[in-house]
file target-v3.txt (compact mmCIF, C-alpha atoms)
# COMPACT_ATOMS: atom_id res chain seq x y z
CA MET A 1164 -10.15 -5.61 -16.27
CA ALA A 1165 -9.24 -8.82 -14.56
CA GLY A 1166 -9.85 -9.52 -11.07
CA HIS A 1167 -9.83 -8.31 -7.58
CA SER A 1168 -8.08 -11.51 -6.48
CA LYS A 1169 -4.97 -10.40 -8.39
CA PHE A 1170 -4.71 -7.27 -6.35
CA LYS A 1171 -5.22 -9.17 -3.10
CA ASN A 1172 -2.16 -11.18 -4.06
CA ILE A 1173 -0.21 -8.03 -4.90
CA MET A 1174 -1.10 -6.39 -1.60
CA HIS A 1175 -0.22 -9.65 0.16
CA ARG A 1176 -2.22 -11.25 2.95
CA LYS A 1177 -3.60 -8.22 4.75
CA GLY A 1178 -4.73 -10.40 7.64
CA ALA A 1179 -1.15 -11.30 8.46
CA GLN A 1180 -0.32 -7.65 8.94
CA ASP A 1181 -3.43 -6.98 11.01
CA LYS A 1182 -2.02 -9.25 13.71
CA LYS A 1183 0.98 -6.97 14.04
CA ARG A 1184 -0.99 -3.94 15.15
CA ALA A 1185 1.84 -2.16 16.93
CA ALA A 1186 4.08 -2.36 13.86
CA MET A 1187 1.21 -1.32 11.61
CA PHE A 1188 0.35 1.68 13.78
CA SER A 1189 4.02 2.69 13.73
CA LYS A 1190 4.07 2.71 9.92
CA LEU A 1191 0.78 4.64 9.76
CA SER A 1192 2.06 7.18 12.29
CA ARG A 1193 5.22 7.70 10.29
CA GLU A 1194 3.24 8.44 7.12
CA ILE A 1195 0.99 10.89 9.01
CA THR A 1196 4.00 12.73 10.45
CA VAL A 1197 5.71 12.99 7.05
CA ALA A 1198 2.49 14.18 5.38
CA ALA A 1199 1.90 16.80 8.10
CA LYS A 1200 5.50 18.02 7.82
CA MET A 1201 5.27 18.38 4.03
CA GLY A 1202 2.13 20.54 4.14
CA MET A 1203 -0.45 22.02 6.50
CA PRO A 1204 -1.14 20.05 9.70
CA ASP A 1205 -4.88 20.25 8.89
CA PRO A 1206 -6.19 17.21 6.96
CA ASP A 1207 -8.81 19.40 5.23
CA MET A 1208 -6.03 21.57 3.79
CA ASN A 1209 -3.51 18.81 3.09
CA PRO A 1210 -4.66 16.02 0.70
CA ARG A 1211 -1.78 13.67 1.55
CA LEU A 1212 -2.41 14.07 5.28
CA ARG A 1213 -6.12 13.44 4.78
CA LEU A 1214 -5.37 10.18 2.97
CA ALA A 1215 -2.93 9.15 5.72
CA VAL A 1216 -5.44 9.92 8.47
CA ASN A 1217 -8.21 8.07 6.64
CA ALA A 1218 -5.94 5.05 6.23
CA ALA A 1219 -5.22 5.10 9.96
CA LYS A 1220 -8.91 5.38 10.82
CA ALA A 1221 -9.68 2.45 8.51
CA GLN A 1222 -7.31 0.34 10.65
CA SER A 1223 -9.03 1.52 13.87
CA MET A 1224 -6.04 3.57 14.97
CA PRO A 1225 -7.03 5.60 18.08
CA LYS A 1226 -7.64 9.34 17.58
CA ASP A 1227 -5.02 10.18 20.22
CA ASN A 1228 -2.37 8.26 18.24
CA ILE A 1229 -3.34 10.11 15.06
CA GLN A 1230 -3.14 13.51 16.74
CA ARG A 1231 0.22 12.70 18.33
CA ALA A 1232 1.60 11.77 14.92
CA ILE A 1233 0.37 15.10 13.48
CA ASP A 1234 1.80 17.08 16.41
CA LYS A 1235 5.14 15.31 16.04
CA ALA A 1236 5.65 17.02 12.67
CA SER A 1237 6.03 20.43 14.31
CA GLN A 1238 8.24 19.34 17.20
CA ALA A 1239 11.86 20.47 17.15
CA GLY A 1240 14.47 17.75 17.03
CA GLY A 1241 12.09 15.05 15.77
CA GLU A 1242 13.03 12.37 13.28
CA ASP A 1243 13.49 13.62 9.75
CA TYR A 1244 12.10 10.91 7.47
CA VAL A 1245 12.82 10.72 3.76
CA GLU A 1246 10.92 8.71 1.15
CA MET A 1247 12.89 5.96 -0.56
CA ARG A 1248 11.94 3.54 -3.32
CA TYR A 1249 13.76 0.30 -4.00
CA GLU A 1250 13.23 -1.89 -7.06
CA GLY A 1251 14.31 -5.40 -7.82
CA TYR A 1252 13.41 -8.93 -8.78
CA GLY A 1253 12.22 -11.65 -6.45
CA PRO A 1254 12.23 -15.40 -7.07
CA GLY A 1255 10.74 -16.46 -10.38
CA GLY A 1256 11.60 -13.11 -11.94
CA VAL A 1257 8.80 -11.34 -10.07
CA ALA A 1258 9.20 -7.54 -10.17
CA LEU A 1259 8.94 -5.80 -6.78
CA ILE A 1260 8.77 -2.16 -5.72
CA VAL A 1261 9.47 -1.38 -2.05
CA GLU A 1262 8.38 1.98 -0.63
CA ALA A 1263 10.03 3.15 2.59
CA LEU A 1264 10.14 6.09 4.98
CA THR A 1265 13.45 6.22 6.79
CA ASP A 1266 15.64 8.39 8.99
CA ASN A 1267 18.71 6.32 8.07
CA ARG A 1268 19.15 5.57 4.37
CA ASN A 1269 22.16 3.31 4.85
CA ARG A 1270 20.35 1.10 7.36
CA THR A 1271 17.26 0.75 5.19
CA ALA A 1272 19.21 0.07 1.99
CA THR A 1273 21.27 -2.60 3.74
CA ASN A 1274 18.19 -4.28 5.22
CA VAL A 1275 16.31 -4.29 1.91
CA ARG A 1276 19.32 -5.59 -0.03
CA THR A 1277 19.86 -8.36 2.54
CA ALA A 1278 16.19 -9.37 2.40
CA PHE A 1279 16.36 -9.72 -1.38
CA SER A 1280 19.66 -11.63 -1.43
CA LYS A 1281 18.64 -14.12 1.30
CA ASN A 1282 15.29 -14.91 -0.31
CA GLY A 1283 16.09 -15.60 -3.93
CA GLY A 1284 15.97 -12.03 -5.19
CA ASN A 1285 18.20 -9.30 -6.56
CA LEU A 1286 17.94 -5.61 -5.74
CA GLY A 1287 18.24 -3.43 -8.83
CA SER A 1288 18.63 0.29 -9.47
CA GLU A 1289 15.76 2.77 -9.31
CA GLY A 1290 13.76 2.48 -12.54
CA SER A 1291 14.81 -1.11 -13.19
CA VAL A 1292 11.27 -2.49 -12.78
CA SER A 1293 8.93 0.51 -12.33
CA HIS A 1294 8.58 0.83 -16.12
CA GLY A 1295 6.39 -2.27 -15.89
CA PHE A 1296 3.98 -0.55 -13.49
CA GLU A 1297 1.55 2.35 -13.65
CA ARG A 1298 1.26 4.93 -10.86
CA ARG A 1299 -2.46 4.89 -10.02
CA GLY A 1300 -4.85 5.87 -7.27
CA LEU A 1301 -6.34 2.96 -5.32
CA ILE A 1302 -9.52 3.03 -3.24
CA GLU A 1303 -10.84 -0.13 -1.55
CA TYR A 1304 -14.23 -0.80 0.03
CA SER A 1305 -15.54 -3.90 1.74
CA ALA A 1306 -18.57 -5.72 0.36
CA ALA A 1307 -20.65 -4.02 3.07
CA ALA A 1308 -20.35 -0.70 1.19
CA GLY A 1309 -22.94 -1.90 -1.32
CA ASP A 1310 -23.51 -4.18 -4.27
CA GLU A 1311 -21.57 -4.00 -7.52
CA GLU A 1312 -24.13 -1.77 -9.25
CA LYS A 1313 -24.24 0.79 -6.42
CA VAL A 1314 -20.45 1.04 -6.18
CA LEU A 1315 -20.00 1.21 -9.96
CA GLU A 1316 -22.55 4.02 -10.25
CA ALA A 1317 -20.91 5.95 -7.40
CA ALA A 1318 -17.45 5.45 -8.92
CA ILE A 1319 -18.55 6.70 -12.35
CA GLU A 1320 -20.16 9.78 -10.80
CA ALA A 1321 -17.00 10.44 -8.77
CA GLY A 1322 -14.76 10.30 -11.85
CA ALA A 1323 -13.01 6.96 -11.26
CA ASP A 1324 -11.32 5.09 -14.13
CA ASP A 1325 -12.21 1.50 -13.30
CA VAL A 1326 -13.93 -0.72 -10.72
CA GLU A 1327 -13.28 -4.37 -9.85
CA SER A 1328 -15.88 -6.05 -7.63
CA SER A 1329 -15.97 -9.49 -6.04
CA GLU A 1330 -17.57 -11.14 -3.03
CA ASP A 1331 -14.68 -9.79 -0.94
CA GLY A 1332 -15.22 -6.14 -1.82
CA HIS A 1333 -14.55 -3.42 -4.36
CA THR A 1334 -11.32 -2.03 -5.82
CA ILE A 1335 -11.61 1.37 -7.48
CA TRP A 1336 -8.83 2.78 -9.66
CA THR A 1337 -8.24 6.44 -10.47
CA ALA A 1338 -5.60 8.58 -12.15
CA ALA A 1339 -2.93 9.38 -9.56
CA GLU A 1340 -3.74 13.08 -9.58
CA ASP A 1341 -7.49 12.40 -9.12
CA LEU A 1342 -7.19 10.15 -6.06
CA HIS A 1343 -8.03 12.73 -3.39
CA GLY A 1344 -10.97 14.18 -5.30
CA VAL A 1345 -12.51 10.82 -6.21
CA ALA A 1346 -12.07 9.49 -2.66
CA GLY A 1347 -13.84 12.57 -1.29
CA GLU A 1348 -16.80 12.16 -3.62
CA LEU A 1349 -17.09 8.43 -2.89
CA GLU A 1350 -17.03 9.06 0.85
CA LYS A 1351 -20.20 11.17 0.50
CA VAL A 1352 -22.06 8.19 -0.98
CA LEU A 1353 -20.34 5.07 0.40
CA GLY A 1354 -18.76 6.35 3.62
CA PRO A 1355 -15.06 6.20 4.50
CA ALA A 1356 -13.03 3.74 2.42
CA ASP A 1357 -11.04 0.87 3.93
CA ASN A 1358 -7.95 1.89 2.00
CA VAL A 1359 -6.99 4.98 -0.01
CA LYS A 1360 -3.48 5.33 -1.38
CA LEU A 1361 -1.25 5.78 -4.39
CA ALA A 1362 -0.41 2.38 -5.84
CA TRP A 1363 2.00 0.78 -8.27
CA LYS A 1364 -0.24 -1.27 -10.56
CA PRO A 1365 1.50 -3.83 -12.80
CA VAL A 1366 0.89 -3.60 -16.52
CA LEU A 1367 1.23 -7.40 -16.79
CA SER A 1368 1.10 -10.00 -14.01
CA VAL A 1369 3.22 -13.13 -13.64
CA GLU A 1370 1.59 -16.30 -12.32
CA VAL A 1371 3.88 -18.18 -9.94
CA ASN A 1372 3.87 -21.81 -8.84
CA GLU A 1373 3.87 -23.15 -5.29
CA GLU A 1374 7.65 -23.39 -4.97
CA VAL A 1375 8.26 -19.84 -6.14
CA ALA A 1376 5.30 -18.51 -4.15
CA GLY A 1377 6.66 -19.93 -0.88
CA THR A 1378 10.03 -18.20 -1.26
CA LEU A 1379 8.38 -15.02 -2.55
CA MET A 1380 6.13 -14.80 0.51
CA LYS A 1381 9.17 -15.20 2.78
CA LEU A 1382 10.82 -12.27 1.00
CA ILE A 1383 7.72 -10.10 1.28
CA ASP A 1384 7.22 -11.04 4.95
CA THR A 1385 10.83 -10.08 5.68
CA LEU A 1386 10.37 -6.73 3.96
CA ASP A 1387 7.02 -6.11 5.68
CA ASP A 1388 8.60 -6.77 9.07
CA ASP A 1389 11.10 -3.94 8.55
CA ASP A 1390 9.96 -0.81 10.41
CA ASP A 1391 11.14 1.44 7.57
CA VAL A 1392 9.21 -0.35 4.83
CA GLN A 1393 5.74 1.07 4.22
CA THR A 1394 4.46 -0.99 1.27
CA VAL A 1395 5.63 -3.76 -1.06
CA TRP A 1396 4.12 -3.91 -4.55
CA GLY A 1397 4.62 -6.70 -7.07
CA ASN A 1398 3.49 -8.02 -10.43
CA TYR A 1399 2.85 -11.55 -9.20
CA GLU A 1400 -0.37 -13.53 -9.26
CA ILE A 1401 -0.74 -16.55 -6.99
CA PRO A 1402 -3.55 -19.00 -7.82
CA ASP A 1403 -6.09 -19.41 -5.01
CA ALA A 1404 -5.23 -23.12 -4.64
CA VAL A 1405 -1.55 -22.26 -4.04
CA MET A 1406 -2.45 -19.51 -1.55
CA GLU A 1407 -4.55 -21.99 0.40
CA LYS A 1408 -1.60 -24.40 0.65
CA LEU A 1409 0.67 -21.61 1.82
CA GLY A 1410 -1.84 -20.65 4.48
call {"tool": "encode", "arguments": {"input": "target-v3.txt", "output": "structure tokens"}}
result
Amino acid sequence: MAGHSKFKNIMHRKGAQDKKRAAMFSKLSREITVAAKMGMPDPDMNPRLRLAVNAAKAQSMPKDNIQRAIDKASQAGGEDYVEMRYEGYGPGGVALIVEALTDNRNRTATNVRTAFSKNGGNLGSEGSVSHGFERRGLIEYSAAAGDEEKVLEAAIEAGADDVESSEDGHTIWTAAEDLHGVAGELEKVLGPADNVKLAWKPVLSVEVNEEVAGTLMKLIDTLDDDDDVQTVWGNYEIPDAVMEKLG
């Protein structure tokens, strides 16, 4: 399959989000609380919670913060978050899926719709673009985890579907239902992953030019800055030369 660089574009400049640690920790905490509320508060007994905790640890979230987020799930009168998915088209006809956790559906829907309309996009109905994506498990490791051969061998043994390696690191794809099991087996060999989550993987990608990419990044930045938005997925591919110009 084609390249790791595509997925870096889809995930959008991770470094930009790393600078907003407080906002990032807030989103991670929200996912941990929701996962703990939906199942057992023990990560070993709750696959979704384990993935959420591992994601928080990968971003160096303090243990106290993680525990507070788990404890919050059992507190009376706490926020009651619901999962929402929004679908639409950005500039250049790029398909976008926005995943959110919110305690106020009207607020989130308004904010997402406004972000699309002010940045060259159109919010559609649920299902309007997701048919062009596959629901897959995503596991990411840095290059420090090992060379391509080591990671590929570990991924095959763990039951993964596909591996994409580059100088930046390794992207491992699984069936959605196999994500927890594969991640657990890989951890035994490669250590904790940098990122483990369910992903929306585009069936086909759309390459965008500099003009479209600039407006598209503004839209994605606006969505990322919303506290309720957890992840933005898209089917766009931005050439490296264009990404360098955008900074």
call {"tool": "residues_near_point", "arguments": {"input": "target-v3.txt", "point": "(8.0, -1.5, -17.6)", "cutoff": "10 Å", "atoms": "all atoms listed in the file", "output": "PyMOL selection string"}}
result
chain A and resi 1258+1290-1297+1365-1367
call {"tool": "residues_around", "arguments": {"input": "target-v3.txt", "residues": "stretch 1206-1210 of chain A", "least_positions_apart": "6", "cutoff": "9 Å", "atoms": "all atoms listed in the file", "output": "ChimeraX atom specification"}}
result
/A:1198-1199,1216,1343-1344
call {"tool": "closest_residue", "arguments": {"input": "target-v3.txt", "among": "A:Ile1260, A:Leu1342, A:Val1245, A:Val1395", "to": "A:Asn1358", "atoms": "all atoms listed in the file"}}
result
A:Leu1342
call {"tool": "closest_residue", "arguments": {"input": "target-v3.txt", "among": "A:Ala1323, A:Val1375, A:Leu1259, A:Val1314", "to": "A:Trp1396", "atoms": "all atoms listed in the file"}}
result
A:Leu1259
call {"tool": "closest_residue", "arguments": {"input": "target-v3.txt", "among": "A:Asn1398, A:Ser1288, A:Thr1334, A:Asn1282", "to": "A:Met1380", "atoms": "only C-alpha atoms"}}
result
A:Asn1282
call {"tool": "atom_distance", "arguments": {"input": "target-v3.txt", "atom1": "atom CA of A:Ser1329", "atom2": "atom CA of A:Ala1356"}}
result
16.0 Å
call {"tool": "atom_distance", "arguments": {"input": "target-v3.txt", "atom1": "atom CA of A:Leu1301", "atom2": "atom CA of A:Ile1401"}}
result
20.4 Å
call {"tool": "residues_around", "arguments": {"input": "target-v3.txt", "residues": "A:Ser1328", "least_positions_apart": "5", "cutoff": "9 Å", "atoms": "all atoms listed in the file", "output": "VMD selection string"}}
result
chain A and resid 1166 to 1167 1306 1310 to 1311 1314 to 1315 1333 to 1335
call {"tool": "closest_residue", "arguments": {"input": "target-v3.txt", "among": "A:Asp1390, A:Glu1400, A:Glu1262, A:Glu1348", "to": "A:Glu1316", "atoms": "all atoms listed in the file"}}
result
A:Glu1348
call {"tool": "residues_around", "arguments": {"input": "target-v3.txt", "residues": "stretch 1382-1389 of chain A", "least_positions_apart": "5", "cutoff": "12 Å", "atoms": "all atoms listed in the file", "output": "PDB file with C-alpha atoms, keeping the file's coordinate frame"}}
result
ATOM      1  CA  ASN A1172      -2.160 -11.180  -4.060  1.00  0.00           C
ATOM      2  CA  ILE A1173      -0.210  -8.030  -4.900  1.00  0.00           C
ATOM      3  CA  MET A1174      -1.100  -6.390  -1.600  1.00  0.00           C
ATOM      4  CA  HIS A1175      -0.220  -9.650   0.160  1.00  0.00           C
ATOM      5  CA  ARG A1176      -2.220 -11.250   2.950  1.00  0.00           C
ATOM      6  CA  LYS A1177      -3.600  -8.220   4.750  1.00  0.00           C
ATOM      7  CA  ALA A1179      -1.150 -11.300   8.460  1.00  0.00           C
ATOM      8  CA  GLN A1180      -0.320  -7.650   8.940  1.00  0.00           C
ATOM      9  CA  ASP A1181      -3.430  -6.980  11.010  1.00  0.00           C
ATOM     10  CA  LYS A1182      -2.020  -9.250  13.710  1.00  0.00           C
ATOM     11  CA  LYS A1183       0.980  -6.970  14.040  1.00  0.00           C
ATOM     12  CA  ARG A1184      -0.990  -3.940  15.150  1.00  0.00           C
ATOM     13  CA  ALA A1185       1.840  -2.160  16.930  1.00  0.00           C
ATOM     14  CA  ALA A1186       4.080  -2.360  13.860  1.00  0.00           C
ATOM     15  CA  MET A1187       1.210  -1.320  11.610  1.00  0.00           C
ATOM     16  CA  SER A1189       4.020   2.690  13.730  1.00  0.00           C
ATOM     17  CA  LYS A1190       4.070   2.710   9.920  1.00  0.00           C
ATOM     18  CA  TYR A1249      13.760   0.300  -4.000  1.00  0.00           C
ATOM     19  CA  GLY A1251      14.310  -5.400  -7.820  1.00  0.00           C
ATOM     20  CA  TYR A1252      13.410  -8.930  -8.780  1.00  0.00           C
ATOM     21  CA  GLY A1253      12.220 -11.650  -6.450  1.00  0.00           C
ATOM     22  CA  PRO A1254      12.230 -15.400  -7.070  1.00  0.00           C
ATOM     23  CA  VAL A1257       8.800 -11.340 -10.070  1.00  0.00           C
ATOM     24  CA  ALA A1258       9.200  -7.540 -10.170  1.00  0.00           C
ATOM     25  CA  LEU A1259       8.940  -5.800  -6.780  1.00  0.00           C
ATOM     26  CA  ILE A1260       8.770  -2.160  -5.720  1.00  0.00           C
ATOM     27  CA  VAL A1261       9.470  -1.380  -2.050  1.00  0.00           C
ATOM     28  CA  GLU A1262       8.380   1.980  -0.630  1.00  0.00           C
ATOM     29  CA  ALA A1263      10.030   3.150   2.590  1.00  0.00           C
ATOM     30  CA  LEU A1264      10.140   6.090   4.980  1.00  0.00           C
ATOM     31  CA  THR A1265      13.450   6.220   6.790  1.00  0.00           C
ATOM     32  CA  ARG A1270      20.350   1.100   7.360  1.00  0.00           C
ATOM     33  CA  THR A1271      17.260   0.750   5.190  1.00  0.00           C
ATOM     34  CA  ALA A1272      19.210   0.070   1.990  1.00  0.00           C
ATOM     35  CA  THR A1273      21.270  -2.600   3.740  1.00  0.00           C
ATOM     36  CA  ASN A1274      18.190  -4.280   5.220  1.00  0.00           C
ATOM     37  CA  VAL A1275      16.310  -4.290   1.910  1.00  0.00           C
ATOM     38  CA  ARG A1276      19.320  -5.590  -0.030  1.00  0.00           C
ATOM     39  CA  THR A1277      19.860  -8.360   2.540  1.00  0.00           C
ATOM     40  CA  ALA A1278      16.190  -9.370   2.400  1.00  0.00           C
ATOM     41  CA  PHE A1279      16.360  -9.720  -1.380  1.00  0.00           C
ATOM     42  CA  SER A1280      19.660 -11.630  -1.430  1.00  0.00           C
ATOM     43  CA  LYS A1281      18.640 -14.120   1.300  1.00  0.00           C
ATOM     44  CA  ASN A1282      15.290 -14.910  -0.310  1.00  0.00           C
ATOM     45  CA  GLY A1283      16.090 -15.600  -3.930  1.00  0.00           C
ATOM     46  CA  GLY A1284      15.970 -12.030  -5.190  1.00  0.00           C
ATOM     47  CA  ASN A1285      18.200  -9.300  -6.560  1.00  0.00           C
ATOM     48  CA  LEU A1286      17.940  -5.610  -5.740  1.00  0.00           C
ATOM     49  CA  VAL A1375       8.260 -19.840  -6.140  1.00  0.00           C
ATOM     50  CA  ALA A1376       5.300 -18.510  -4.150  1.00  0.00           C
ATOM     51  CA  GLY A1377       6.660 -19.930  -0.880  1.00  0.00           C
ATOM     52  CA  THR A1394       4.460  -0.990   1.270  1.00  0.00           C
ATOM     53  CA  VAL A1395       5.630  -3.760  -1.060  1.00  0.00           C
ATOM     54  CA  TRP A1396       4.120  -3.910  -4.550  1.00  0.00           C
ATOM     55  CA  GLY A1397       4.620  -6.700  -7.070  1.00  0.00           C
ATOM     56  CA  TYR A1399       2.850 -11.550  -9.200  1.00  0.00           C
TER      57      TYR A1399
END
call {"tool": "closest_residue", "arguments": {"input": "target-v3.txt", "among": "A:Met1247, A:Ala1404, A:Leu1191, A:Leu1214", "to": "A:Gly1347", "atoms": "all atoms listed in the file"}}
result
A:Leu1214
call {"tool": "atom_distance", "arguments": {"input": "target-v3.txt", "atom1": "atom CA of A:Val1359", "atom2": "atom CA of A:Glu1312"}}
result
20.6 Å
call {"tool": "residues_around", "arguments": {"input": "target-v3.txt", "residues": "stretch 1235-1239 of chain A", "least_positions_apart": "5", "cutoff": "7 Å", "atoms": "only C-alpha atoms", "output": "ChimeraX atom specification"}}
result
/A:1196-1197,1199-1200
call {"tool": "write_last_selection", "arguments": {"input": "target-v3.txt", "atoms": "C-alpha atoms", "output": "short mmCIF file (atom, residue, chain, number, x, y, z; two decimals), in the frame of the given file"}}
result
data_model
loop_
_atom_site.label_atom_id
_atom_site.label_comp_id
_atom_site.auth_asym_id
_atom_site.auth_seq_id
_atom_site.Cartn_x
_atom_site.Cartn_y
_atom_site.Cartn_z
CA THR A 1196 4.00 12.73 10.45
CA VAL A 1197 5.71 12.99 7.05
CA ALA A 1199 1.90 16.80 8.10
CA LYS A 1200 5.50 18.02 7.82
#
call {"tool": "decode", "arguments": {"input": "target-v3.txt", "residues": "stretch 1266-1282 of chain A", "atoms": "N, CA, C and O atoms", "output": "compact mmCIF listing (two decimals), in the first residue's frame"}}
result
# COMPACT_ATOMS: atom_id res chain seq x y z
N ASP A 1266 -21.07 17.26 25.67
CA ASP A 1266 -22.17 17.27 26.64
C ASP A 1266 -23.25 18.26 26.21
O ASP A 1266 -24.18 18.56 26.95
N ASN A 1267 -23.10 18.80 24.98
CA ASN A 1267 -24.09 19.73 24.45
C ASN A 1267 -24.11 19.60 22.93
O ASN A 1267 -23.32 20.23 22.23
N ARG A 1268 -25.02 18.77 22.42
CA ARG A 1268 -25.05 18.48 20.99
C ARG A 1268 -25.28 19.73 20.14
O ARG A 1268 -24.68 19.89 19.08
N ASN A 1269 -26.17 20.59 20.61
CA ASN A 1269 -26.48 21.80 19.82
C ASN A 1269 -25.26 22.69 19.66
O ASN A 1269 -24.99 23.23 18.58
N ARG A 1270 -24.52 22.89 20.75
CA ARG A 1270 -23.31 23.71 20.69
C ARG A 1270 -22.31 23.13 19.71
O ARG A 1270 -21.76 23.85 18.84
N THR A 1271 -22.05 21.84 19.82
CA THR A 1271 -21.05 21.21 18.97
C THR A 1271 -21.46 21.24 17.50
O THR A 1271 -20.65 21.57 16.63
N ALA A 1272 -22.72 20.93 17.23
CA ALA A 1272 -23.21 20.93 15.84
C ALA A 1272 -23.09 22.32 15.23
O ALA A 1272 -22.67 22.47 14.07
N THR A 1273 -23.43 23.34 16.02
CA THR A 1273 -23.33 24.72 15.53
C THR A 1273 -21.88 25.09 15.23
O THR A 1273 -21.57 25.68 14.19
N ASN A 1274 -20.98 24.73 16.15
CA ASN A 1274 -19.56 25.07 15.98
C ASN A 1274 -18.97 24.37 14.75
O ASN A 1274 -18.21 24.97 13.98
N VAL A 1275 -19.31 23.11 14.58
CA VAL A 1275 -18.77 22.35 13.44
C VAL A 1275 -19.32 22.90 12.13
O VAL A 1275 -18.58 23.11 11.16
N ARG A 1276 -20.62 23.18 12.10
CA ARG A 1276 -21.24 23.72 10.89
C ARG A 1276 -20.63 25.08 10.52
O ARG A 1276 -20.36 25.35 9.35
N THR A 1277 -20.40 25.92 11.53
CA THR A 1277 -19.81 27.24 11.30
C THR A 1277 -18.39 27.11 10.76
O THR A 1277 -17.99 27.84 9.85
N ALA A 1278 -17.63 26.18 11.33
CA ALA A 1278 -16.25 25.97 10.87
C ALA A 1278 -16.22 25.58 9.40
O ALA A 1278 -15.41 26.09 8.61
N PHE A 1279 -17.11 24.69 9.00
CA PHE A 1279 -17.17 24.26 7.60
C PHE A 1279 -17.56 25.44 6.70
O PHE A 1279 -16.90 25.71 5.69
N SER A 1280 -18.62 26.16 7.07
CA SER A 1280 -19.15 27.20 6.19
C SER A 1280 -18.19 28.38 6.04
O SER A 1280 -18.15 29.03 4.99
N LYS A 1281 -17.40 28.69 7.07
CA LYS A 1281 -16.47 29.82 7.02
C LYS A 1281 -15.14 29.48 6.35
O LYS A 1281 -14.33 30.37 6.12
N ASN A 1282 -14.93 28.20 6.08
CA ASN A 1282 -13.64 27.79 5.51
C ASN A 1282 -13.82 26.92 4.26
O ASN A 1282 -13.11 25.94 4.05
